[in-house]
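Coordinates from upload_14.pdb are shown below (PDB, C-alpha atoms and all ligand atoms).
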```pdb
ATOM      1  CA  PHE A   1      -8.394  -3.550 -13.548
ATOM      2  CA  GLY A   2      -6.640  -5.961 -15.876
ATOM      3  CA  ARG A   3      -7.386  -9.107 -13.898
ATOM      4  CA  ASN A   4      -9.317 -10.315 -16.923
ATOM      5  CA  LEU A   5      -6.711  -9.988 -19.595
ATOM      6  CA  LYS A   6      -6.591 -10.961 -23.238
ATOM      7  CA  LEU A   7      -3.164 -10.751 -24.827
ATOM      8  CA  SER A   8      -2.972 -11.033 -28.595
ATOM      9  CA  ASP A   9      -0.207 -10.969 -31.102
ATOM     10  CA  VAL A  10      -1.943  -9.330 -34.054
ATOM     11  CA  VAL A  11      -5.499  -7.969 -34.126
ATOM     12  CA  SER A  12      -7.257  -5.524 -36.423
ATOM     13  CA  SER A  13      -8.097  -3.247 -33.462
ATOM     14  CA  THR A  14      -8.191  -3.941 -29.730
ATOM     15  CA  GLN A  15     -11.369  -1.814 -29.696
ATOM     16  CA  ASP A  16     -13.220  -4.384 -31.777
ATOM     17  CA  GLU A  17     -11.871  -7.317 -29.758
ATOM     18  CA  LEU A  18     -13.028  -5.746 -26.509
ATOM     19  CA  ARG A  19     -16.387  -4.624 -27.869
ATOM     20  CA  ARG A  20     -17.073  -8.207 -28.812
ATOM     21  CA  LEU A  21     -16.159  -9.369 -25.296
ATOM     22  CA  ALA A  22     -18.308  -6.586 -23.799
ATOM     23  CA  GLU A  23     -21.321  -7.751 -25.811
ATOM     24  CA  GLU A  24     -20.714 -11.249 -24.453
ATOM     25  CA  GLY A  25     -20.873  -9.886 -20.889
ATOM     26  CA  ALA A  26     -17.208  -9.286 -19.999
ATOM     27  CA  LEU A  27     -16.653  -7.686 -16.597
ATOM     28  CA  GLU A  28     -15.574  -4.133 -15.898
ATOM     29  CA  GLY A  29     -11.791  -3.889 -15.898
ATOM     30  CA  THR A  30     -11.341  -6.422 -18.709
ATOM     31  CA  LEU A  31      -8.290  -5.506 -20.764
ATOM     32  CA  VAL A  32      -7.263  -6.399 -24.296
ATOM     33  CA  ILE A  33      -3.637  -5.839 -25.282
ATOM     34  CA  ALA A  34      -2.108  -6.469 -28.700
ATOM     35  CA  GLU A  35       1.484  -6.469 -29.882
ATOM     36  CA  GLN A  36       0.355  -5.124 -33.220
ATOM     37  CA  GLN A  37      -2.809  -3.716 -34.815
ATOM     38  CA  THR A  38      -3.445  -3.883 -38.522
ATOM     39  CA  LYS A  39      -6.373  -1.424 -38.419
ATOM     40  CA  GLY A  40      -5.670   0.661 -35.342
ATOM     41  CA  ARG A  41      -8.024   3.616 -35.303
ATOM     42  CA  GLY A  42      -7.865   7.101 -33.829
ATOM     43  CA  ARG A  43     -10.306   9.903 -33.204
ATOM     44  CA  MET A  44     -12.039  11.698 -36.062
ATOM     45  CA  GLY A  45     -11.906   8.622 -38.306
ATOM     46  CA  ARG A  46      -8.127   8.625 -38.525
ATOM     47  CA  SER A  47      -5.930   5.538 -38.522
ATOM     48  CA  TRP A  48      -3.472   4.850 -35.697
ATOM     49  CA  LEU A  49       0.041   3.604 -36.369
ATOM     50  CA  SER A  50       0.502   0.406 -34.298
ATOM     51  CA  PRO A  51       3.679  -1.453 -35.309
ATOM     52  CA  ALA A  52       4.603  -4.763 -33.669
ATOM     53  CA  GLY A  53       6.223  -4.695 -30.252
ATOM     54  CA  LYS A  54       6.954  -0.978 -30.141
ATOM     55  CA  GLY A  55       4.024   0.490 -28.337
ATOM     56  CA  ILE A  56       1.184  -0.094 -25.946
ATOM     57  CA  TRP A  57      -2.004  -0.741 -27.860
ATOM     58  CA  MET A  58      -4.765  -1.665 -25.451
ATOM     59  CA  SER A  59      -8.435  -1.267 -24.600
ATOM     60  CA  LEU A  60     -10.031  -1.234 -21.152
ATOM     61  CA  LEU A  61     -13.677  -1.984 -20.393
ATOM     62  CA  LEU A  62     -15.692   0.248 -18.054
ATOM     63  CA  ARG A  63     -19.286  -0.167 -17.022
ATOM     64  CA  PRO A  64     -19.812   3.131 -15.215
ATOM     65  CA  PRO A  65     -23.103   3.817 -13.464
ATOM     66  CA  VAL A  66     -23.412   7.214 -15.152
ATOM     67  CA  ALA A  67     -25.536   8.599 -17.978
ATOM     68  CA  LEU A  68     -24.308   9.007 -21.537
ATOM     69  CA  PRO A  69     -23.882  12.829 -21.489
ATOM     70  CA  TYR A  70     -21.100  12.387 -18.944
ATOM     71  CA  THR A  71     -18.694  10.452 -21.163
ATOM     72  CA  PRO A  72     -16.542  13.591 -21.691
ATOM     73  CA  GLN A  73     -15.628  13.306 -18.009
ATOM     74  CA  LEU A  74     -14.307   9.781 -18.548
ATOM     75  CA  THR A  75     -12.317  10.974 -21.541
ATOM     76  CA  LEU A  76     -10.556  13.535 -19.352
ATOM     77  CA  LEU A  77     -10.061  11.004 -16.547
ATOM     78  CA  ALA A  78      -8.280   8.675 -18.964
ATOM     79  CA  ALA A  79      -5.847  11.411 -19.990
ATOM     80  CA  VAL A  80      -5.003  12.192 -16.367
ATOM     81  CA  ALA A  81      -4.458   8.495 -15.559
ATOM     82  CA  LEU A  82      -2.122   8.004 -18.493
ATOM     83  CA  SER A  83      -0.112  11.156 -17.917
ATOM     84  CA  ARG A  84       0.341  10.362 -14.206
ATOM     85  CA  ALA A  85       1.436   6.794 -14.910
ATOM     86  CA  ILE A  86       3.936   7.826 -17.582
ATOM     87  CA  SER A  87       5.361  10.576 -15.365
ATOM     88  CA  GLN A  88       6.048   8.008 -12.641
ATOM     89  CA  LEU A  89       8.280   5.913 -14.867
ATOM     90  CA  VAL A  90       9.702   8.128 -17.587
ATOM     91  CA  PRO A  91      11.490  11.448 -17.072
ATOM     92  CA  VAL A  92       9.512  13.498 -19.589
ATOM     93  CA  SER A  93       7.259  16.487 -19.155
ATOM     94  CA  ILE A  94       3.781  15.690 -20.432
ATOM     95  CA  GLY A  95       1.073  18.160 -21.325
ATOM     96  CA  ILE A  96      -2.540  17.211 -22.008
ATOM     97  CA  LYS A  97      -4.014  18.743 -25.125
ATOM     98  CA  TRP A  98      -7.789  18.931 -24.898
ATOM     99  CA  PRO A  99      -9.483  16.577 -24.613
ATOM    100  CA  ASN A 100      -7.023  13.725 -24.211
ATOM    101  CA  ASP A 101      -3.900  13.832 -26.346
ATOM    102  CA  LEU A 102      -0.639  13.594 -24.461
ATOM    103  CA  LEU A 103       2.152  15.776 -25.786
ATOM    104  CA  VAL A 104       5.855  16.073 -25.123
ATOM    105  CA  ASP A 105       7.406  19.237 -26.558
ATOM    106  CA  GLY A 106       4.254  19.805 -28.588
ATOM    107  CA  ARG A 107       4.511  16.371 -30.224
ATOM    108  CA  LYS A 108       1.974  13.617 -29.653
ATOM    109  CA  ILE A 109       3.090  10.644 -27.584
ATOM    110  CA  SER A 110      -0.267   9.071 -26.843
ATOM    111  CA  GLY A 111      -3.886   9.155 -27.916
ATOM    112  CA  ILE A 112      -7.085   7.926 -26.314
ATOM    113  CA  LEU A 113     -10.275   6.809 -28.025
ATOM    114  CA  LEU A 114     -13.508   6.292 -26.097
ATOM    115  CA  GLU A 115     -16.267   4.276 -27.699
ATOM    116  CA  SER A 116     -19.490   3.685 -25.859
ATOM    117  CA  ALA A 117     -22.646   1.670 -26.186
ATOM    118  CA  ALA A 118     -25.770   3.145 -24.660
ATOM    119  CA  GLU A 119     -29.464   2.430 -24.359
ATOM    120  CA  ASP A 120     -31.862   5.285 -23.607
ATOM    121  CA  GLU A 121     -29.027   7.574 -22.416
ATOM    122  CA  ARG A 122     -27.827   4.881 -20.014
ATOM    123  CA  LEU A 123     -24.328   3.635 -20.663
ATOM    124  CA  ARG A 124     -24.062  -0.103 -21.193
ATOM    125  CA  TYR A 125     -20.314   0.057 -21.474
ATOM    126  CA  VAL A 126     -17.363   2.215 -22.450
ATOM    127  CA  VAL A 127     -14.307   0.924 -24.259
ATOM    128  CA  VAL A 128     -11.280   3.100 -23.499
ATOM    129  CA  GLY A 129      -8.644   2.644 -26.204
ATOM    130  CA  MET A 130      -5.159   3.770 -25.305
ATOM    131  CA  GLY A 131      -2.287   4.050 -27.725
ATOM    132  CA  ILE A 132       1.162   4.949 -26.444
ATOM    133  CA  SER A 133       4.193   5.298 -28.659
ATOM    134  CA  VAL A 134       6.705   3.668 -26.343
ATOM    135  CA  ASN A 135       9.788   2.450 -28.183
ATOM    136  CA  LEU A 136       9.211   3.648 -31.743
ATOM    137  CA  GLU A 137      12.187   5.153 -33.551
ATOM    138  CA  GLN A 138      12.077   8.226 -35.762
ATOM    139  CA  GLU A 139      12.209   6.015 -38.878
ATOM    140  CA  ASP A 140       9.089   4.103 -37.777
ATOM    141  CA  TYR A 141       6.957   7.173 -38.461
ATOM    142  CA  PRO A 142       5.680   7.960 -41.935
ATOM    143  CA  GLU A 143       6.642  11.371 -43.266
ATOM    144  CA  GLU A 144       3.336  13.047 -42.395
ATOM    145  CA  LEU A 145       3.699  12.129 -38.705
ATOM    146  CA  ALA A 146       7.460  12.603 -38.310
ATOM    147  CA  ALA A 147       7.288  16.187 -37.059
ATOM    148  CA  LYS A 148       4.063  15.787 -35.067
ATOM    149  CA  ALA A 149       4.649  12.546 -33.175
ATOM    150  CA  ILE A 150       7.287  11.287 -30.774
ATOM    151  CA  SER A 151       7.858   8.147 -28.686
ATOM    152  CA  LEU A 152       8.791   7.880 -25.017
ATOM    153  CA  LYS A 153      12.126   6.387 -26.064
ATOM    154  CA  MET A 154      12.878   9.266 -28.432
ATOM    155  CA  ALA A 155      11.841  11.813 -25.810
ATOM    156  CA  SER A 156      13.714  10.296 -22.880
ATOM    157  CA  GLY A 157      16.667   8.697 -24.639
ATOM    158  CA  ALA A 158      16.068   5.246 -23.159
ATOM    159  CA  ALA A 159      13.871   2.252 -23.934
ATOM    160  CA  VAL A 160      10.868   1.901 -21.638
ATOM    161  CA  ASN A 161       9.581  -1.394 -20.175
ATOM    162  CA  ARG A 162       6.042  -1.805 -21.489
ATOM    163  CA  SER A 163       4.815  -4.219 -18.815
ATOM    164  CA  GLU A 164       5.800  -1.876 -15.997
ATOM    165  CA  LEU A 165       4.094   1.000 -17.733
ATOM    166  CA  ILE A 166       0.905  -0.996 -18.315
ATOM    167  CA  ALA A 167       0.830  -1.945 -14.613
ATOM    168  CA  ALA A 168       1.250   1.713 -13.588
ATOM    169  CA  ILE A 169      -1.513   2.816 -15.971
ATOM    170  CA  LEU A 170      -3.979   0.247 -14.634
ATOM    171  CA  GLU A 171      -3.209   1.252 -11.061
ATOM    172  CA  GLU A 172      -3.650   4.974 -11.760
ATOM    173  CA  PHE A 173      -6.767   4.359 -13.795
ATOM    174  CA  GLU A 174      -8.401   2.277 -11.101
ATOM    175  CA  ARG A 175      -7.503   4.784  -8.397
ATOM    176  CA  LEU A 176      -8.890   7.764 -10.324
ATOM    177  CA  TYR A 177     -11.986   5.863 -11.402
ATOM    178  CA  GLU A 178     -12.795   5.001  -7.800
ATOM    179  CA  LEU A 179     -12.219   8.618  -6.794
ATOM    180  CA  TYR A 180     -14.566   9.679  -9.597
ATOM    181  CA  LEU A 181     -17.305   7.268  -8.531
ATOM    182  CA  GLU A 182     -17.002   8.376  -4.909
ATOM    183  CA  GLN A 183     -16.476  12.118  -5.226
ATOM    184  CA  GLY A 184     -17.665  12.966  -8.713
ATOM    185  CA  PHE A 185     -15.880  14.938 -11.379
ATOM    186  CA  ALA A 186     -14.458  17.832  -9.286
ATOM    187  CA  PRO A 187     -11.134  16.196  -8.284
ATOM    188  CA  ILE A 188     -10.554  14.846 -11.805
ATOM    189  CA  ARG A 189     -11.285  18.258 -13.252
ATOM    190  CA  ALA A 190      -8.656  19.866 -10.990
ATOM    191  CA  LEU A 191      -6.056  17.262 -11.944
ATOM    192  CA  TRP A 192      -6.784  17.708 -15.630
ATOM    193  CA  GLU A 193      -6.669  21.499 -15.466
ATOM    194  CA  ALA A 194      -3.302  21.317 -13.690
ATOM    195  CA  ARG A 195      -1.821  19.195 -16.489
ATOM    196  CA  THR A 196      -3.246  20.711 -19.629
ATOM    197  CA  VAL A 197      -1.487  22.929 -22.149
ATOM    198  CA  THR A 198      -4.755  24.061 -23.740
ATOM    199  CA  LEU A 199      -6.012  26.660 -21.267
ATOM    200  CA  ASN A 200      -5.512  30.426 -21.482
ATOM    201  CA  ARG A 201      -3.994  30.557 -24.920
ATOM    202  CA  PRO A 202      -5.825  31.417 -28.147
ATOM    203  CA  ALA A 203      -7.072  28.346 -29.977
ATOM    204  CA  VAL A 204      -8.980  27.303 -33.059
ATOM    205  CA  LEU A 205     -11.311  24.425 -32.268
ATOM    206  CA  GLN A 206     -12.852  22.023 -34.750
ATOM    207  CA  THR A 207     -16.125  20.904 -33.211
ATOM    208  CA  PRO A 208     -19.231  19.080 -34.428
ATOM    209  CA  GLN A 209     -20.895  22.537 -34.287
ATOM    210  CA  GLY A 210     -18.260  24.069 -36.559
ATOM    211  CA  VAL A 211     -15.022  25.975 -36.079
ATOM    212  CA  ILE A 212     -14.786  28.049 -32.909
ATOM    213  CA  GLN A 213     -12.062  30.569 -32.214
ATOM    214  CA  GLY A 214     -11.353  31.843 -28.728
ATOM    215  CA  VAL A 215      -9.469  31.304 -25.506
ATOM    216  CA  PRO A 216     -10.236  28.107 -23.536
ATOM    217  CA  ARG A 217     -10.576  29.059 -19.858
ATOM    218  CA  GLY A 218     -11.456  25.838 -18.061
ATOM    219  CA  LEU A 219     -13.800  22.876 -17.792
ATOM    220  CA  ASP A 220     -17.430  22.971 -16.754
ATOM    221  CA  ASP A 221     -19.068  20.482 -14.366
ATOM    222  CA  MET A 222     -19.887  18.055 -17.157
ATOM    223  CA  GLY A 223     -16.397  18.023 -18.609
ATOM    224  CA  GLY A 224     -17.027  20.498 -21.423
ATOM    225  CA  LEU A 225     -14.353  23.006 -22.423
ATOM    226  CA  VAL A 226     -15.441  26.587 -21.749
ATOM    227  CA  ILE A 227     -14.157  28.981 -24.413
ATOM    228  CA  GLU A 228     -14.130  32.737 -24.099
ATOM    229  CA  LEU A 229     -15.065  34.303 -27.424
ATOM    230  CA  GLU A 230     -13.826  37.629 -28.754
ATOM    231  CA  ASP A 231     -17.020  39.451 -27.768
ATOM    232  CA  GLY A 232     -16.586  38.338 -24.152
ATOM    233  CA  SER A 233     -19.323  35.693 -24.235
ATOM    234  CA  SER A 234     -18.517  32.042 -23.759
ATOM    235  CA  ARG A 235     -19.273  28.733 -25.478
ATOM    236  CA  THR A 236     -18.861  25.246 -24.101
ATOM    237  CA  VAL A 237     -17.863  22.318 -26.286
ATOM    238  CA  TYR A 238     -17.970  18.640 -25.390
ATOM    239  CA  SER A 239     -16.103  17.072 -28.268
ATOM    240  CA  GLY A 240     -13.762  18.147 -30.995
ATOM    241  CA  GLU A 241     -10.169  19.064 -31.376
ATOM    242  CA  VAL A 242      -7.766  21.957 -31.003
ATOM    243  CA  GLY A 243      -6.098  22.791 -34.322
ATOM    244  CA  ASN A 244      -6.283  20.189 -37.049
ATOM    245  CA  GLY A 245      -3.580  17.516 -37.485
ATOM    246  CA  GLN A 246      -2.690  14.651 -35.185
ATOM    247  CA  ALA A 247      -0.773  16.807 -32.711
TER
HETATM  248  C1  LIG A 301      -6.327   9.341 -31.124
HETATM  249  O1  LIG A 301      -5.509  10.084 -30.605
HETATM  250  O2  LIG A 301      -6.811   9.606 -32.220
HETATM  251  C2  LIG A 301      -6.730   8.088 -30.386
HETATM  252  C3  LIG A 301      -5.827   6.932 -30.678
HETATM  253  C4  LIG A 301      -6.221   5.672 -29.949
HETATM  254  C5  LIG A 301      -5.387   4.477 -30.338
HETATM  255  C6  LIG A 301      -5.676   3.264 -29.509
HETATM  256  S1  LIG A 301      -4.496   1.960 -29.733
HETATM  257  C7  LIG A 301      -5.522   0.844 -28.859
HETATM  258  C8  LIG A 301      -6.951   1.141 -29.281
HETATM  259  N1  LIG A 301      -7.285   0.387 -30.469
HETATM  260  C9  LIG A 301      -7.491   1.186 -31.519
HETATM  261  O3  LIG A 301      -7.787   0.803 -32.665
HETATM  262  N2  LIG A 301      -7.349   2.486 -31.153
HETATM  263  C10 LIG A 301      -7.034   2.598 -29.746
END
```
Re-express the file's structure as structure tokens.
Amino acid sequence: FGRNLKLSDVVSSTQDELRRLAEEGALEGTLVIAEQQTKGRGRMGRSWLSPAGKGIWMSLLLRPPVALPYTPQLTLLAAVALSRAISQLVPVSIGIKWPNDLLVDGRKISGILLESAAEDERLRYVVVGMGISVNLEQEDYPEELAAKAISLKMASGAAVNRSELIAAILEEFERLYELYLEQGFAPIRALWEARTVTLNRPAVLQTPQGVIQGVPRGLDDMGGLVIELEDGSSRTVYSGEVGNGQA
């Protein structure tokens, strides 16, 4: 991954840059990295703070031979890859908040945005957007994010080399992706479940089907989150968010 690389100074969003390349036939593993994004976007229609030189703002192209309903599995794989790569280089304890936010001390350090193009349930491509707050300072965050977000530098007390981290992420991602294609979702699921902070504690989930309250107990085979409801029955959700704000 990353052998086809496009480095930019300023873009609106690396997602749009890479989607354009994907439509032109770019190969799997193509990576777009920007120093700064003027219209960085997050999940649920939110914007994503992407100041110049202080973070990793990048998008990776996948062309997985799997059907559209399985994209939640790739979402979870991305979170595992990122958390493993960061843990190798930075002495912080990372928890994954379902589906793919990375938290340190309950504050968000990284977010992942998957966008896919499909035809008749077959995936044409998936663009995996990764945003990591690497060397941001407290004063870089607007007031509404200050208590909910944190950078690797703030969390660890030292500046982090972005190139080394990008290399580690690509290596982890490629390794896990190959494992996934060979052995399916089971090993990824185990890695995700071992790193998450979402299981076995009461949660309020915002989902496309409405608000669900219960206790998340694990993942199902497709990558859905299985939630135990108060009456003992269970519901599985494939997209949404725990709680409401960014973190
Ligand atoms: C989220 O947590 O809401 C997901 C945030 C994803 C941000 C990254 S930064 C690189 C890529 N380009 C974007 O515009 N968004 C993603």
Closest contacts (chain A/ligand LIG 301 (chain A), max 6 Å, only C-alpha atoms and all ligand atoms) as CSV:
```
residue,atom,partner,partner_atom,distance
A:Ser13,CA,A:LIG301,O3,4.1
A:Thr14,CA,A:LIG301,N1,4.5
A:Gln15,CA,A:LIG301,N1,4.7
A:Gly40,CA,A:LIG301,O3,3.4
A:Arg41,CA,A:LIG301,O3,3.9
A:Gly42,CA,A:LIG301,O2,3.2
A:Arg43,CA,A:LIG301,O2,3.6
A:Trp48,CA,A:LIG301,C5,5.7
A:Trp57,CA,A:LIG301,C7,4.0
A:Met58,CA,A:LIG301,C7,4.3
A:Ser59,CA,A:LIG301,C8,5.5
A:Asp101,CA,A:LIG301,O1,5.9
A:Gly111,CA,A:LIG301,O1,3.3
A:Ile112,CA,A:LIG301,C2,4.1
A:Leu113,CA,A:LIG301,C2,4.4
A:Gly129,CA,A:LIG301,C8,3.8
A:Met130,CA,A:LIG301,C6,4.3
A:Gly131,CA,A:LIG301,S1,3.6
```
Option closest in space to Gln88 of chain A, from A:Leu225, A:Ala186, A:Ala167, A:Val215 [counting all atoms listed in the file]:
A:Ala167
Answer key for the PyMOL selection byres (((chain A and resi 65) around 9) and not hetatm), residues as an mmCIF file with C-alpha atoms, keeping the file's coordinate frame:
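result23.cif was written with the following content:
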```
data_model
loop_
_atom_site.group_PDB
_atom_site.id
_atom_site.type_symbol
_atom_site.label_atom_id
_atom_site.label_comp_id
_atom_site.auth_asym_id
_atom_site.auth_seq_id
_atom_site.Cartn_x
_atom_site.Cartn_y
_atom_site.Cartn_z
ATOM 1 C CA ARG A 63 -19.286 -0.167 -17.022
ATOM 2 C CA PRO A 64 -19.812 3.131 -15.215
ATOM 3 C CA VAL A 66 -23.412 7.214 -15.152
ATOM 4 C CA ALA A 67 -25.536 8.599 -17.978
ATOM 5 C CA ARG A 122 -27.827 4.881 -20.014
ATOM 6 C CA LEU A 123 -24.328 3.635 -20.663
ATOM 7 C CA ARG A 124 -24.062 -0.103 -21.193
ATOM 8 C CA LEU A 181 -17.305 7.268 -8.531
#
```
Who sits within 12 Å of Ala146 of chain A, all atoms listed in the file, same chain under 4 positions skipped, as JSON, numbers by chain:
{"A": [49, 107, 108, 109, 136, 137, 138, 139, 140, 141, 142, 150, 151, 154, 246, 247]}
Store the residues picked out above in a file with C-alpha atoms, as a PDB file, keeping the file's coordinate frame.
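Written file, out-v2.pdb:
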```pdb
ATOM      1  CA  LEU A  49       0.041   3.604 -36.369  1.00  0.00           C
ATOM      2  CA  ARG A 107       4.511  16.371 -30.224  1.00  0.00           C
ATOM      3  CA  LYS A 108       1.974  13.617 -29.653  1.00  0.00           C
ATOM      4  CA  ILE A 109       3.090  10.644 -27.584  1.00  0.00           C
ATOM      5  CA  LEU A 136       9.211   3.648 -31.743  1.00  0.00           C
ATOM      6  CA  GLU A 137      12.187   5.153 -33.551  1.00  0.00           C
ATOM      7  CA  GLN A 138      12.077   8.226 -35.762  1.00  0.00           C
ATOM      8  CA  GLU A 139      12.209   6.015 -38.878  1.00  0.00           C
ATOM      9  CA  ASP A 140       9.089   4.103 -37.777  1.00  0.00           C
ATOM     10  CA  TYR A 141       6.957   7.173 -38.461  1.00  0.00           C
ATOM     11  CA  PRO A 142       5.680   7.960 -41.935  1.00  0.00           C
ATOM     12  CA  ILE A 150       7.287  11.287 -30.774  1.00  0.00           C
ATOM     13  CA  SER A 151       7.858   8.147 -28.686  1.00  0.00           C
ATOM     14  CA  MET A 154      12.878   9.266 -28.432  1.00  0.00           C
ATOM     15  CA  GLN A 246      -2.690  14.651 -35.185  1.00  0.00           C
ATOM     16  CA  ALA A 247      -0.773  16.807 -32.711  1.00  0.00           C
TER      17      ALA A 247
END
```
Contacts of Val197 of chain A at 8 Å or less, counting all atoms listed in the file, minus same-chain residues fewer than 5 places along, as a PyMOL selection string?
chain A and resi 95-98
Can you measure atom CA of Leu60 of chain A to atom CA of Val128 of chain A for me? One decimal in Å is fine.
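Between atom CA of Leu60 of chain A and atom CA of Val128 of chain A the gap works out to 5.1 Å.
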Point-to-point distance from atom CA of Arg20 of chain A to atom CA of Leu62 of chain A, Å rounded to tenths:
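Interatomic distance here is 13.8 Å.
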Pairwise distance for atom CA of Ala155 of chain A and atom CA of Val92 of chain A, rounded to one decimal in Å:
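One can read the atom CA of Ala155 of chain A to atom CA of Val92 of chain A distance as 6.9 Å.
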Rank nothing, just name the residue among A:Gly53, A:Gly240, A:Gly45, A:Pro69 nearest to Asn161 of chain A, using all atoms listed in the file.
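Of A:Gly53, A:Gly240, A:Gly45, A:Pro69, the one nearest Asn161 of chain A, counting all atoms listed in the file, is A:Gly53.
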Give me the result of the PyMOL selection byres (((chain A and resi 28-32) around 8) and not hetatm) on this file, residue by residue, as a ChimeraX atom specification.
/A:1-8,14,17-18,26-27,33-34,58-63
Give me the residues near Gly55 of chain A as a list in words, where near means some atom within 10 Å (using only C-alpha atoms) and where sequence neighbours in that chain fewer than 4 positions away do not count.
Ala34, Glu35, Gln36, Leu49, Ser50, Pro51, Ser110, Gly131, Ile132, Ser133, Val134, Asn135, Leu136, Ser151, Leu152, Val160 and Arg162 of chain A
Pick from A:Ala149, A:Ile56, A:Val204, A:Ile188 nearest to Ala79 of chain A, counting only C-alpha atoms:
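Comparing A:Ala149, A:Ile56, A:Val204, A:Ile188 against Ala79 of chain A, the winner is A:Ile188.
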For a quick check of understanding, using all atoms listed in the file, which of A:Pro202, A:Pro91, A:Gly232, A:Pro187 has the smallest distance to Leu76 of chain A?
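Looking only at the distances to Leu76 of chain A, the closest residue turns out to be A:Pro187.
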